[in-house]
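As stored in model22.pdb (PDB, C-alpha atoms):
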```
ATOM      1  CA  ALA A   1      -8.053  40.909  -1.934  1.00  0.00           C
ATOM      2  CA  ALA A   2      -5.606  39.177   0.449  1.00  0.00           C
ATOM      3  CA  GLY A   3      -6.892  35.708  -0.459  1.00  0.00           C
ATOM      4  CA  VAL A   4      -8.351  35.021   2.968  1.00  0.00           C
ATOM      5  CA  VAL A   5     -11.094  32.396   3.114  1.00  0.00           C
ATOM      6  CA  VAL A   6     -13.479  32.245   6.071  1.00  0.00           C
ATOM      7  CA  ALA A   7     -15.045  28.825   6.699  1.00  0.00           C
ATOM      8  CA  LEU A   8     -18.208  28.788   8.809  1.00  0.00           C
ATOM      9  CA  GLU A   9     -18.731  25.507  10.653  1.00  0.00           C
ATOM     10  CA  ILE A  10     -21.793  23.282  10.567  1.00  0.00           C
ATOM     11  CA  HIS A  11     -22.822  24.079  14.129  1.00  0.00           C
ATOM     12  CA  GLY A  12     -25.866  25.370  16.002  1.00  0.00           C
ATOM     13  CA  ASP A  13     -29.308  26.120  14.644  1.00  0.00           C
ATOM     14  CA  ILE A  14     -28.546  28.519  11.772  1.00  0.00           C
ATOM     15  CA  MET A  15     -26.051  26.039  10.245  1.00  0.00           C
ATOM     16  CA  ALA A  16     -27.359  22.754  11.673  1.00  0.00           C
ATOM     17  CA  SER A  17     -26.703  20.779   8.484  1.00  0.00           C
ATOM     18  CA  GLY A  18     -25.611  21.209   4.911  1.00  0.00           C
ATOM     19  CA  ALA A  19     -29.211  21.457   3.759  1.00  0.00           C
ATOM     20  CA  VAL A  20     -29.991  24.137   6.363  1.00  0.00           C
ATOM     21  CA  THR A  21     -26.793  26.036   5.468  1.00  0.00           C
ATOM     22  CA  LEU A  22     -27.267  26.043   1.687  1.00  0.00           C
ATOM     23  CA  PRO A  23     -29.729  28.988   1.535  1.00  0.00           C
ATOM     24  CA  LEU A  24     -27.421  31.025   3.786  1.00  0.00           C
ATOM     25  CA  MET A  25     -24.435  30.381   1.515  1.00  0.00           C
ATOM     26  CA  GLU A  26     -26.481  31.271  -1.565  1.00  0.00           C
ATOM     27  CA  ARG A  27     -27.606  34.480   0.092  1.00  0.00           C
ATOM     28  CA  ILE A  28     -24.051  35.434   1.136  1.00  0.00           C
ATOM     29  CA  GLY A  29     -22.873  34.714  -2.392  1.00  0.00           C
ATOM     30  CA  ARG A  30     -19.164  35.391  -1.782  1.00  0.00           C
ATOM     31  CA  GLU A  31     -16.398  33.074  -2.911  1.00  0.00           C
ATOM     32  CA  GLU A  32     -14.380  33.944   0.228  1.00  0.00           C
ATOM     33  CA  ILE A  33     -17.079  32.680   2.595  1.00  0.00           C
ATOM     34  CA  ARG A  34     -17.121  28.877   2.661  1.00  0.00           C
ATOM     35  CA  VAL A  35     -18.169  26.008   4.916  1.00  0.00           C
ATOM     36  CA  ASN A  36     -16.268  23.794   7.346  1.00  0.00           C
ATOM     37  CA  TYR A  37     -18.368  20.630   7.293  1.00  0.00           C
ATOM     38  CA  ASP A  38     -18.530  18.702  10.573  1.00  0.00           C
ATOM     39  CA  THR A  39     -19.528  15.055  10.130  1.00  0.00           C
ATOM     40  CA  ALA A  40     -20.965  14.774  13.659  1.00  0.00           C
ATOM     41  CA  ASN A  41     -22.456  18.234  14.214  1.00  0.00           C
ATOM     42  CA  CYS A  42     -24.922  17.615  11.389  1.00  0.00           C
ATOM     43  CA  GLU A  43     -26.334  14.776  13.528  1.00  0.00           C
ATOM     44  CA  PHE A  44     -26.037  16.601  16.850  1.00  0.00           C
ATOM     45  CA  TYR A  45     -27.768  19.787  15.629  1.00  0.00           C
ATOM     46  CA  GLY A  46     -29.449  18.890  12.344  1.00  0.00           C
ATOM     47  CA  GLU A  47     -30.564  15.327  13.032  1.00  0.00           C
ATOM     48  CA  VAL A  48     -29.205  14.094   9.694  1.00  0.00           C
ATOM     49  CA  ALA A  49     -26.380  11.675   8.878  1.00  0.00           C
ATOM     50  CA  ALA A  50     -23.398  13.227   7.112  1.00  0.00           C
ATOM     51  CA  VAL A  51     -23.576  10.692   4.281  1.00  0.00           C
ATOM     52  CA  ASP A  52     -27.122  11.881   3.531  1.00  0.00           C
ATOM     53  CA  ASP A  53     -26.284  15.587   3.863  1.00  0.00           C
ATOM     54  CA  VAL A  54     -22.780  16.442   2.715  1.00  0.00           C
ATOM     55  CA  ALA A  55     -23.277  16.375  -1.068  1.00  0.00           C
ATOM     56  CA  VAL A  56     -25.734  19.294  -1.029  1.00  0.00           C
ATOM     57  CA  ILE A  57     -23.193  21.653   0.553  1.00  0.00           C
ATOM     58  CA  ALA A  58     -20.012  20.186  -1.021  1.00  0.00           C
ATOM     59  CA  PRO A  59     -19.626  22.992  -3.605  1.00  0.00           C
ATOM     60  CA  TYR A  60     -19.167  25.441  -0.709  1.00  0.00           C
ATOM     61  CA  LEU A  61     -16.668  23.432   1.352  1.00  0.00           C
ATOM     62  CA  ALA A  62     -13.268  24.767   2.343  1.00  0.00           C
ATOM     63  CA  HIS A  63     -12.561  22.191   5.069  1.00  0.00           C
ATOM     64  CA  CYS A  64     -14.084  19.138   6.725  1.00  0.00           C
ATOM     65  CA  HIS A  65     -13.925  18.040  10.347  1.00  0.00           C
ATOM     66  CA  LEU A  66     -13.871  14.258  10.529  1.00  0.00           C
ATOM     67  CA  LYS A  67     -15.684  13.764  13.823  1.00  0.00           C
ATOM     68  CA  ASP A  68     -17.492  10.626  14.959  1.00  0.00           C
ATOM     69  CA  LYS A  69     -20.670  10.329  17.020  1.00  0.00           C
ATOM     70  CA  ILE A  70     -22.321   7.933  19.437  1.00  0.00           C
ATOM     71  CA  GLY A  71     -25.976   8.458  20.347  1.00  0.00           C
ATOM     72  CA  GLY A  72     -28.735  10.553  18.874  1.00  0.00           C
ATOM     73  CA  PRO A  73     -29.380  14.268  18.482  1.00  0.00           C
ATOM     74  CA  ARG A  74     -28.026  16.445  21.316  1.00  0.00           C
ATOM     75  CA  VAL A  75     -26.102  13.524  22.847  1.00  0.00           C
ATOM     76  CA  TRP A  76     -22.585  14.809  23.540  1.00  0.00           C
ATOM     77  CA  ASN A  77     -20.413  11.795  22.723  1.00  0.00           C
ATOM     78  CA  PHE A  78     -17.751  12.316  20.036  1.00  0.00           C
ATOM     79  CA  PRO A  79     -15.180   9.490  20.096  1.00  0.00           C
ATOM     80  CA  ALA A  80     -12.243   8.952  17.770  1.00  0.00           C
ATOM     81  CA  PRO A  81     -13.227   8.513  14.118  1.00  0.00           C
ATOM     82  CA  GLY A  82     -13.950   4.831  13.630  1.00  0.00           C
ATOM     83  CA  GLU A  83     -15.239   4.310  17.182  1.00  0.00           C
ATOM     84  CA  GLY A  84     -18.751   5.703  16.657  1.00  0.00           C
ATOM     85  CA  HIS A  85     -21.415   5.265  14.008  1.00  0.00           C
ATOM     86  CA  VAL A  86     -20.433   7.798  11.306  1.00  0.00           C
ATOM     87  CA  ASP A  87     -19.813   5.886   8.059  1.00  0.00           C
ATOM     88  CA  PHE A  88     -16.544   7.575   7.073  1.00  0.00           C
ATOM     89  CA  ALA A  89     -16.003   5.367   4.022  1.00  0.00           C
ATOM     90  CA  ALA A  90     -19.357   6.492   2.596  1.00  0.00           C
ATOM     91  CA  VAL A  91     -18.824  10.127   3.637  1.00  0.00           C
ATOM     92  CA  LEU A  92     -15.398  10.264   1.999  1.00  0.00           C
ATOM     93  CA  GLU A  93     -16.808   8.666  -1.145  1.00  0.00           C
ATOM     94  CA  ALA A  94     -19.617  11.263  -1.243  1.00  0.00           C
ATOM     95  CA  LEU A  95     -17.094  14.062  -0.805  1.00  0.00           C
ATOM     96  CA  ARG A  96     -14.821  12.676  -3.535  1.00  0.00           C
ATOM     97  CA  ALA A  97     -17.792  12.221  -5.878  1.00  0.00           C
ATOM     98  CA  ALA A  98     -18.706  15.871  -5.278  1.00  0.00           C
ATOM     99  CA  GLY A  99     -15.152  16.961  -6.143  1.00  0.00           C
ATOM    100  CA  PHE A 100     -13.899  17.776  -2.628  1.00  0.00           C
ATOM    101  CA  ASP A 101     -10.431  16.433  -1.861  1.00  0.00           C
ATOM    102  CA  GLY A 102      -9.587  18.079   1.443  1.00  0.00           C
ATOM    103  CA  PRO A 103      -8.281  19.533   3.624  1.00  0.00           C
ATOM    104  CA  TYR A 104      -9.552  17.463   6.511  1.00  0.00           C
ATOM    105  CA  GLY A 105      -9.048  17.742  10.250  1.00  0.00           C
ATOM    106  CA  VAL A 106      -9.696  15.192  12.978  1.00  0.00           C
ATOM    107  CA  GLU A 107     -11.845  16.382  15.863  1.00  0.00           C
ATOM    108  CA  ILE A 108     -12.346  14.315  19.013  1.00  0.00           C
ATOM    109  CA  GLU A 109     -14.410  15.791  21.847  1.00  0.00           C
ATOM    110  CA  PHE A 110     -15.054  12.607  23.836  1.00  0.00           C
ATOM    111  CA  GLU A 111     -17.965  13.086  26.251  1.00  0.00           C
ATOM    112  CA  GLY A 112     -16.924  16.604  27.247  1.00  0.00           C
ATOM    113  CA  GLU A 113     -15.751  17.479  30.711  1.00  0.00           C
ATOM    114  CA  PRO A 114     -14.003  16.059  32.558  1.00  0.00           C
ATOM    115  CA  TRP A 115     -11.566  15.470  29.707  1.00  0.00           C
ATOM    116  CA  PRO A 116      -9.802  12.107  29.634  1.00  0.00           C
ATOM    117  CA  PRO A 117      -6.144  11.707  30.629  1.00  0.00           C
ATOM    118  CA  LEU A 118      -3.456  12.355  28.019  1.00  0.00           C
ATOM    119  CA  ALA A 119      -2.906   8.617  27.524  1.00  0.00           C
ATOM    120  CA  GLU A 120      -6.531   8.260  26.348  1.00  0.00           C
ATOM    121  CA  VAL A 121      -6.198  11.264  24.049  1.00  0.00           C
ATOM    122  CA  ASN A 122      -3.071   9.729  22.506  1.00  0.00           C
ATOM    123  CA  ARG A 123      -4.796   6.341  22.142  1.00  0.00           C
ATOM    124  CA  ALA A 124      -7.817   7.963  20.463  1.00  0.00           C
ATOM    125  CA  MET A 125      -5.634   9.911  18.015  1.00  0.00           C
ATOM    126  CA  ALA A 126      -3.696   6.762  17.096  1.00  0.00           C
ATOM    127  CA  SER A 127      -6.978   4.905  16.583  1.00  0.00           C
ATOM    128  CA  ALA A 128      -8.312   7.719  14.379  1.00  0.00           C
ATOM    129  CA  TYR A 129      -5.120   7.690  12.335  1.00  0.00           C
ATOM    130  CA  ARG A 130      -5.331   3.930  11.764  1.00  0.00           C
ATOM    131  CA  HIS A 131      -8.993   4.068  10.777  1.00  0.00           C
ATOM    132  CA  LEU A 132      -8.739   7.064   8.452  1.00  0.00           C
ATOM    133  CA  SER A 133      -5.526   5.756   6.882  1.00  0.00           C
ATOM    134  CA  SER A 134      -7.316   2.502   6.093  1.00  0.00           C
ATOM    135  CA  LEU A 135      -9.804   4.621   4.100  1.00  0.00           C
ATOM    136  CA  GLY A 136      -7.098   6.250   2.007  1.00  0.00           C
ATOM    137  CA  LEU A 137      -6.291   9.355   4.033  1.00  0.00           C
ATOM    138  CA  SER A 138      -2.841  10.061   5.381  1.00  0.00           C
TER     139      SER A 138
END
```
Mind converting the file's structure to structure tokens?
Amino acid sequence: AAGVVVALEIHGDIMASGAVTLPLMERIGREEIRVNYDTANCEFYGEVAAVDDVAVIAPYLAHCHLKDKIGGPRVWNFPAPGEGHVDFAAVLEALRAAGFDGPYGVEIEFEGEPWPPLAEVNRAMASAYRHLSSLGLS
């Protein structure tokens, strides 16, 4: 009644990918419960590339984390978008084709702890901005 939307993130086993999450969303069946798609967690947990997965869950999206990935499943390496292997141009095109136009957030987790110095965080954010801007986001 208050207009609050709860977005559950693609994360862990129960929501490892869009395809895994779809039956859960259909079962919940509430407009207020949506999905926050994570373009790297689908690979980390669900072993599927975002470009091959996002369209199936797009009707349920409320938000999308633009997060990059280096390495295979369960490899904790999440650099700035544009510095890993996620094909953001193709992912954004798939999202647009499915009718999703944001909001987006940038998520950079590096290689976990120890966290890099602030100068590296700032460099990574600037790099992400340049890459995502070149794809039409601002």
Just say which residues the PyMOL selection byres ((chain A and resi 86-103) around 7) picks in this file, as a PDB file with C-alpha atoms, in the coordinates of the input.
```pdb
ATOM      1  CA  ALA A  50     -23.398  13.227   7.112  1.00  0.00           C
ATOM      2  CA  VAL A  51     -23.576  10.692   4.281  1.00  0.00           C
ATOM      3  CA  ALA A  55     -23.277  16.375  -1.068  1.00  0.00           C
ATOM      4  CA  ALA A  58     -20.012  20.186  -1.021  1.00  0.00           C
ATOM      5  CA  HIS A  63     -12.561  22.191   5.069  1.00  0.00           C
ATOM      6  CA  CYS A  64     -14.084  19.138   6.725  1.00  0.00           C
ATOM      7  CA  ASP A  68     -17.492  10.626  14.959  1.00  0.00           C
ATOM      8  CA  LYS A  69     -20.670  10.329  17.020  1.00  0.00           C
ATOM      9  CA  GLY A  84     -18.751   5.703  16.657  1.00  0.00           C
ATOM     10  CA  HIS A  85     -21.415   5.265  14.008  1.00  0.00           C
ATOM     11  CA  TYR A 104      -9.552  17.463   6.511  1.00  0.00           C
ATOM     12  CA  GLY A 105      -9.048  17.742  10.250  1.00  0.00           C
ATOM     13  CA  LEU A 135      -9.804   4.621   4.100  1.00  0.00           C
TER      14      LEU A 135
END
```
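All residues of protein, DNA or RNA that reach within 10 Å of segment 121-132 of chain A, judged by only C-alpha atoms and not counting those fewer than 4 positions away in the chain, are Leu66, Lys67, Asp68, Pro79, Ala80, Pro81, Gly82, Glu83, Phe88, Ala89, Leu92, Val106, Glu107, Ile108, Glu109, Phe110, Trp115, Pro116, Pro117, Gly136, Leu137 and Ser138 of chain A.
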Axis-aligned box for all listed atoms of segment 54-68 of chain A, 5 Å per side, centre and edges in Å to one decimal, as JSON:
```
{"center_x": -19.1, "center_y": 18.0, "center_z": 5.7, "size_x": 23.2, "size_y": 24.8, "size_z": 28.6}
```
*Point out the residue among A:Val54, A:Ala7, A:Val75, A:Ile14 with the least atom-to-atom distance to Thr39 of chain A, counting all atoms listed in the file.*
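Looking at the shortest contact to Thr39 of chain A, the residue is A:Val54.
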_Nearest-residue call for Val5 of chain A, choices A:Leu61, A:Val48, A:Ala40, A:Ala119, using all atoms listed in the file_ =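 Of A:Leu61, A:Val48, A:Ala40, A:Ala119, the one nearest Val5 of chain A, counting all atoms listed in the file, is A:Leu61.
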